>>> print(open('input.txt').read())   # compact mmCIF, C-alpha atoms
# COMPACT_ATOMS: atom_id res chain seq x y z
CA MET A 1 202.21 210.50 -1.73
CA ILE A 2 204.77 207.68 -1.75
CA ILE A 3 202.20 205.22 -0.33
CA LYS A 4 199.67 206.23 -2.98
CA ARG A 5 202.28 205.71 -5.70
CA ILE A 6 203.16 202.26 -4.37
CA LEU A 7 199.50 201.25 -4.13
CA TYR A 8 198.85 202.49 -7.68
CA THR A 9 201.84 200.53 -8.99
CA LEU A 10 200.65 197.35 -7.26
CA TYR A 11 197.13 197.87 -8.61
CA THR A 12 198.52 198.35 -12.12
CA ILE A 13 200.65 195.20 -11.98
CA LEU A 14 198.14 192.90 -10.27
CA VAL A 15 194.85 194.11 -11.73
CA VAL A 16 195.26 196.33 -14.78
CA LEU A 17 197.98 194.49 -16.69
CA PRO A 18 196.29 191.04 -16.69
CA LEU A 19 192.95 192.56 -17.70
CA PHE A 20 194.64 194.74 -20.31
CA LEU A 21 196.37 191.76 -21.94
CA VAL A 22 193.14 189.79 -22.18
CA LEU A 23 191.22 192.82 -23.43
CA THR A 24 193.88 193.59 -26.04
CA ILE A 25 193.91 190.06 -27.46
CA LEU A 26 190.10 189.90 -27.62
CA THR A 27 189.90 193.36 -29.21
CA ALA A 28 192.50 192.50 -31.84
CA ILE A 29 190.77 189.24 -32.77
CA ILE A 30 187.28 190.75 -32.92
CA ALA A 31 188.41 193.80 -34.90
CA ALA A 32 190.49 191.81 -37.39
CA LEU A 33 187.89 189.10 -38.00
CA GLY A 34 185.11 191.67 -38.33
CA SER A 35 187.15 193.55 -40.90
CA ILE A 36 187.99 190.39 -42.84
CA LEU A 37 184.27 189.60 -43.02
CA GLY A 38 183.55 192.99 -44.57
CA GLY A 39 182.73 195.16 -41.57
CA GLU A 40 185.81 197.39 -41.60
CA ARG A 41 183.93 200.65 -40.97
CA VAL A 42 182.34 199.20 -37.83
CA PHE A 43 185.11 196.93 -36.55
CA GLY A 44 187.88 199.39 -37.35
CA TYR A 45 186.27 201.85 -34.97
CA TRP A 46 184.15 200.43 -32.15
CA PRO A 47 186.34 197.63 -30.73
CA GLY A 48 189.36 199.94 -30.57
CA LYS A 49 187.30 202.77 -29.11
CA ILE A 50 185.90 200.56 -26.35
CA TRP A 51 189.36 199.04 -25.69
CA SER A 52 190.85 202.49 -25.27
CA ILE A 53 188.11 203.87 -23.00
CA VAL A 54 188.16 200.77 -20.78
CA THR A 55 191.97 200.84 -20.55
CA LEU A 56 192.04 204.44 -19.35
CA ALA A 57 189.16 203.73 -16.97
CA LEU A 58 191.05 200.78 -15.49
CA LEU A 59 194.04 203.04 -14.98
CA LEU A 60 191.75 205.55 -13.20
CA ILE A 61 192.95 208.30 -15.55
CA PRO A 62 190.49 211.20 -16.04
CA VAL A 63 190.18 212.53 -19.59
CA LYS A 64 189.22 215.99 -20.81
CA VAL A 65 188.55 216.75 -24.49
CA ARG A 66 188.14 220.22 -25.95
CA GLY A 67 187.50 221.44 -29.48
CA ARG A 68 186.05 218.23 -30.90
CA GLU A 69 183.73 220.41 -32.98
CA TYR A 70 186.73 221.45 -35.08
CA LEU A 71 186.96 217.97 -36.61
CA PRO A 72 185.13 218.28 -39.95
CA LYS A 73 182.09 216.03 -40.20
CA SER A 74 181.41 216.47 -43.90
CA ARG A 75 184.89 215.68 -45.22
CA PRO A 76 188.04 213.91 -44.02
CA SER A 77 190.97 215.76 -42.49
CA VAL A 78 194.56 215.03 -41.52
CA VAL A 79 194.86 215.24 -37.73
CA THR A 80 198.34 216.15 -36.49
CA PRO A 81 198.75 215.65 -32.72
CA ASN A 82 201.96 215.84 -30.76
CA HIS A 83 203.24 212.47 -29.55
CA THR A 84 203.81 212.47 -25.80
CA SER A 85 203.62 208.76 -24.95
CA ALA A 86 201.87 205.45 -25.59
CA MET A 87 198.89 206.95 -23.77
CA ASP A 88 198.21 209.06 -26.87
CA ILE A 89 196.86 206.00 -28.70
CA PHE A 90 194.17 205.35 -26.11
CA LEU A 91 193.27 209.02 -25.84
CA LEU A 92 192.82 209.56 -29.58
CA TYR A 93 191.20 206.21 -30.33
CA GLY A 94 188.83 206.47 -27.43
CA TYR A 95 187.84 210.12 -27.52
CA ALA A 96 188.35 211.71 -30.95
CA GLY A 97 184.93 210.51 -32.09
CA VAL A 98 185.63 210.07 -35.83
CA ARG A 99 186.48 207.12 -38.08
CA PHE A 100 190.11 207.24 -39.10
CA LYS A 101 193.18 205.39 -40.31
CA TRP A 102 196.32 205.45 -38.20
CA VAL A 103 199.73 206.03 -39.75
CA LEU A 104 202.00 203.78 -37.70
CA LYS A 105 205.67 202.86 -37.48
CA GLY A 106 206.50 199.76 -39.50
CA SER A 107 207.97 198.06 -36.43
CA LEU A 108 204.48 197.84 -34.89
CA ARG A 109 203.64 195.11 -37.42
CA LYS A 110 205.61 192.76 -35.19
CA LEU A 111 203.43 193.28 -32.10
CA PRO A 112 201.59 190.02 -31.36
CA PHE A 113 197.88 190.24 -32.27
CA VAL A 114 197.97 194.06 -32.45
CA GLY A 115 200.15 194.27 -35.56
CA TRP A 116 198.05 191.66 -37.34
CA ALA A 117 194.83 193.43 -36.41
CA CYS A 118 196.10 196.84 -37.53
CA GLU A 119 197.08 195.37 -40.89
CA LYS A 120 193.64 193.80 -41.40
CA LEU A 121 191.98 197.08 -40.44
CA GLY A 122 193.83 198.87 -43.20
CA PHE A 123 196.00 201.02 -40.98
CA ILE A 124 199.03 202.47 -42.74
CA PHE A 125 202.55 201.41 -41.82
CA VAL A 126 205.58 203.63 -42.44
CA GLU A 127 208.69 201.93 -43.80
CA ASN A 128 211.88 204.01 -43.82
CA THR A 129 212.61 203.56 -47.52
CA PRO A 130 211.96 205.82 -50.55
CA SER A 131 209.41 203.36 -51.95
CA GLY A 132 207.84 203.04 -48.50
CA ALA A 133 207.33 206.80 -48.28
CA ILE A 134 205.62 206.85 -51.68
CA ARG A 135 203.34 203.99 -50.65
CA VAL A 136 202.34 205.76 -47.42
CA VAL A 137 201.22 208.82 -49.37
CA LYS A 138 199.20 206.67 -51.77
CA ASP A 139 197.61 204.70 -48.91
CA CYS A 140 196.69 207.94 -47.13
CA GLU A 141 195.18 209.35 -50.29
CA LYS A 142 193.07 206.21 -50.73
CA ALA A 143 191.88 206.37 -47.10
CA ILE A 144 190.89 210.03 -47.49
CA ALA A 145 189.08 209.23 -50.75
CA ASP A 146 187.17 206.51 -48.85
CA GLY A 147 186.04 209.06 -46.26
CA TYR A 148 188.47 208.32 -43.41
CA HIS A 149 190.34 210.91 -41.40
CA ILE A 150 194.10 210.37 -41.15
CA PHE A 151 195.74 210.38 -37.71
CA MET A 152 199.46 211.01 -38.11
CA PHE A 153 202.02 212.14 -35.52
CA PRO A 154 204.12 214.73 -37.37
CA GLU A 155 207.04 214.25 -34.97
CA GLY A 156 207.33 210.66 -36.19
CA SER A 157 207.91 209.15 -32.74
CA ARG A 158 207.36 209.83 -29.06
CA THR A 159 209.18 212.75 -27.51
CA LEU A 160 212.16 211.98 -25.30
CA THR A 161 212.00 215.25 -23.39
CA GLY A 162 208.32 216.07 -23.03
CA HIS A 163 208.73 218.96 -25.48
CA LEU A 164 207.64 219.08 -29.11
CA ASP A 165 210.26 217.61 -31.43
CA LYS A 166 210.98 218.71 -35.00
CA LEU A 167 207.99 218.14 -37.30
CA ARG A 168 208.27 216.04 -40.44
CA LYS A 169 206.60 216.92 -43.72
CA GLY A 170 204.72 213.68 -44.43
CA ALA A 171 201.35 214.58 -42.94
CA PHE A 172 201.45 218.04 -44.50
CA ARG A 173 202.36 216.68 -47.93
CA VAL A 174 199.45 214.23 -47.82
CA ALA A 175 197.00 216.97 -46.81
CA THR A 176 198.13 219.45 -49.45
CA GLU A 177 198.15 216.88 -52.26
CA MET A 178 194.60 215.80 -51.39
CA GLY A 179 193.32 219.27 -50.53
CA ALA A 180 192.30 217.96 -47.10
CA PRO A 181 192.23 220.31 -44.09
CA ILE A 182 194.76 219.85 -41.31
CA VAL A 183 193.45 219.73 -37.74
CA PRO A 184 196.17 220.44 -35.15
CA ALA A 185 195.75 218.61 -31.87
CA LYS A 186 197.54 219.00 -28.55
CA ILE A 187 197.91 216.18 -26.03
CA SER A 188 198.84 217.03 -22.46
CA GLY A 189 199.68 214.71 -19.57
CA GLY A 190 200.85 211.66 -21.49
CA TYR A 191 204.55 212.24 -20.93
CA GLU A 192 204.04 212.53 -17.18
CA ILE A 193 202.00 209.32 -17.07
CA LEU A 194 204.18 207.06 -19.23
CA LYS A 195 207.23 208.67 -20.75
CA ARG A 196 209.25 206.89 -23.39
CA GLY A 197 211.50 204.18 -21.95
CA THR A 198 209.22 203.36 -19.00
CA TYR A 199 206.74 200.51 -18.77
CA LEU A 200 204.59 201.17 -15.72
CA PRO A 201 202.32 204.23 -15.81
CA LYS A 202 201.99 206.80 -13.08
CA TRP A 203 198.62 208.25 -12.23
CA GLY A 204 197.81 211.51 -13.98
CA ARG A 205 195.31 213.39 -16.11
CA LEU A 206 195.04 213.41 -19.90
CA GLU A 207 193.80 216.29 -21.99
CA LEU A 208 193.15 216.40 -25.72
CA GLN A 209 192.54 219.70 -27.48
CA PHE A 210 191.67 220.14 -31.17
CA PHE A 211 192.19 223.45 -32.95
CA PRO A 212 190.37 225.00 -35.91
CA ALA A 213 191.14 223.31 -39.21
CA LEU A 214 193.82 224.77 -41.47
CA GLU A 215 192.80 224.83 -45.10
CA THR A 216 195.40 223.53 -47.55
CA THR A 217 193.74 224.90 -50.68
CA GLU A 218 194.36 228.57 -49.94
CA GLY A 219 197.97 228.84 -51.09
CA ALA A 220 199.79 228.18 -47.80
CA THR A 221 203.10 226.36 -48.21
CA ILE A 222 203.95 223.17 -46.33
CA GLU A 223 206.42 225.15 -44.20
CA GLU A 224 203.74 227.70 -43.28
CA LEU A 225 201.30 224.94 -42.34
CA MET A 226 203.95 223.25 -40.21
CA GLN A 227 204.63 226.50 -38.39
CA LYS A 228 200.92 227.02 -37.67
CA VAL A 229 200.59 223.48 -36.27
CA LYS A 230 203.71 224.01 -34.15
CA GLU A 231 202.27 227.24 -32.74
CA CYS A 232 198.99 225.50 -31.81
CA ILE A 233 200.74 222.65 -30.01
CA GLN A 234 203.23 224.84 -28.20
>>> encode(input="input.txt", output="structure tokens")
Amino acid sequence: MIIKRILYTLYTILVVLPLFLVLTILTAIIAALGSILGGERVFGYWPGKIWSIVTLALLLIPVKVRGREYLPKSRPSVVTPNHTSAMDIFLLYGYAGVRFKWVLKGSLRKLPFVGWACEKLGFIFVENTPSGAIRVVKDCEKAIADGYHIFMFPEGSRTLTGHLDKLRKGAFRVATEMGAPIVPAKISGGYEILKRGTYLPKWGRLELQFFPALETTEGATIEELMQKVKECIQ
């Protein structure tokens, strides 16, 4: 087991990381330029999807997805997955199978190439100010009106313990104000592969499970919706 772990670490450092850096830069440039030239619906989806699938393939990480049929095809939804690690981005982008807008931490704007690309693709950045919170809601409403699903981690950031943290109301407020359904999603395996505070992944398996959509037009309160999402994830 120890030898396998050492070999996997060496493979990650010597093979995966150099390829990942090149792939990330190319993906960011292609996606951003394609969006600038008017192809946002194509370039906001396919380059990132391919980037994510190739990254997980390079890491030799098997992926299992269940419940994809619960993502509405005829109308946008607000997808609320738990946030286990950085692996969640690749899993959702690569395997959810719908066009969406991310809701991201404002600090990610500073990432070289990636932050610039996300901005050009119309992804939504969260700033921790009252005016920033209002703008996020408006940007989400516009994305939903344009036919995009919203992917938003209701915990706000990656878990430190591997367990579900306290949920925030932002995603639920957006969904209820727009009358969009909420699709709970559970990610398993990410924390074990690359927990917060570490930089080299361990080998493991990823699983993504979607649950039946929760309607927000049937009188349920935000607190009730949050509890239902929590029950699905836990």
>>> residues_near_point(input="input.txt", point="(193.6, 221.5, -49.7)", cutoff="9 Å", atoms="all atoms listed in the file", output="ChimeraX atom specification")
/A:175-182,214-219
>>> residues_around(input="input.txt", residues="stretch 192-203 of chain A", least_positions_apart="6", cutoff="10 Å", atoms="only C-alpha atoms", output="list in words")
Lys4, Arg5, Ile6, Tyr8, Thr9, Thr12, Ile13, Leu17, Leu59, Leu60, Ile61, Pro62, Thr84, Ser85, Ala86, Met87, Asp88, Ser157, Arg158, Thr159, Leu160, Thr161 and Gly162 of chain A
>>> write_last_selection(input="input.txt", atoms="C-alpha atoms", output="mmCIF file, in the frame of the given file")
data_model
loop_
_atom_site.group_PDB
_atom_site.id
_atom_site.type_symbol
_atom_site.label_atom_id
_atom_site.label_comp_id
_atom_site.auth_asym_id
_atom_site.auth_seq_id
_atom_site.Cartn_x
_atom_site.Cartn_y
_atom_site.Cartn_z
ATOM 1 C CA LYS A 4 199.670 206.230 -2.980
ATOM 2 C CA ARG A 5 202.280 205.710 -5.700
ATOM 3 C CA ILE A 6 203.160 202.260 -4.370
ATOM 4 C CA TYR A 8 198.850 202.490 -7.680
ATOM 5 C CA THR A 9 201.840 200.530 -8.990
ATOM 6 C CA THR A 12 198.520 198.350 -12.120
ATOM 7 C CA ILE A 13 200.650 195.200 -11.980
ATOM 8 C CA LEU A 17 197.980 194.490 -16.690
ATOM 9 C CA LEU A 59 194.040 203.040 -14.980
ATOM 10 C CA LEU A 60 191.750 205.550 -13.200
ATOM 11 C CA ILE A 61 192.950 208.300 -15.550
ATOM 12 C CA PRO A 62 190.490 211.200 -16.040
ATOM 13 C CA THR A 84 203.810 212.470 -25.800
ATOM 14 C CA SER A 85 203.620 208.760 -24.950
ATOM 15 C CA ALA A 86 201.870 205.450 -25.590
ATOM 16 C CA MET A 87 198.890 206.950 -23.770
ATOM 17 C CA ASP A 88 198.210 209.060 -26.870
ATOM 18 C CA SER A 157 207.910 209.150 -32.740
ATOM 19 C CA ARG A 158 207.360 209.830 -29.060
ATOM 20 C CA THR A 159 209.180 212.750 -27.510
ATOM 21 C CA LEU A 160 212.160 211.980 -25.300
ATOM 22 C CA THR A 161 212.000 215.250 -23.390
ATOM 23 C CA GLY A 162 208.320 216.070 -23.030
#
>>> atom_distance(input="input.txt", atom1="atom CA of A:Leu104", atom2="atom CA of A:Ile50")
20.0 Å
>>> atom_distance(input="input.txt", atom1="atom CA of A:Pro47", atom2="atom CA of A:Thr27")
5.8 Å
>>> closest_residue(input="input.txt", among="A:Ile222, A:Leu7, A:Ala171, A:Leu92", to="A:Phe210", atoms="only C-alpha atoms")
A:Leu92
>>> closest_residue(input="input.txt", among="A:Val15, A:Leu206, A:Leu91, A:Ala117", to="A:Tyr191", atoms="all atoms listed in the file")
A:Leu206
>>> closest_residue(input="input.txt", among="A:Ile124, A:Ile2, A:Met226, A:Val98", to="A:Arg41", atoms="all atoms listed in the file")
A:Val98
>>> atom_distance(input="input.txt", atom1="atom CA of A:Glu224", atom2="atom CA of A:Gln209")
21.0 Å
>>> closest_residue(input="input.txt", among="A:Ile233, A:Leu23, A:Leu225, A:Ala143", to="A:Ser77", atoms="only C-alpha atoms")
A:Ala143
>>> closest_residue(input="input.txt", among="A:Leu19, A:Asn82, A:Val114, A:Val103", to="A:Val137", atoms="all atoms listed in the file")
A:Val103
>>> closest_residue(input="input.txt", among="A:Ala145, A:Ala220, A:Met152, A:Leu56", to="A:Gly190", atoms="all atoms listed in the file")
A:Leu56
>>> residues_around(input="input.txt", residues="stretch 110-113 of chain A", least_positions_apart="5", cutoff="12 Å", atoms="all atoms listed in the file", output="list of chain:residue names")
A:Leu21, A:Val22, A:Leu23, A:Thr24, A:Ile25, A:Leu26, A:Thr27, A:Ala28, A:Ile29, A:Ile30, A:Ala31, A:Ala32, A:Leu33, A:Leu104, A:Lys105, A:Cys118, A:Glu119, A:Lys120, A:Phe125
>>> residues_around(input="input.txt", residues="A:Phe211", least_positions_apart="6", cutoff="8 Å", atoms="only C-alpha atoms", output="PyMOL selection string")
chain A and resi 67+70+183-185+232
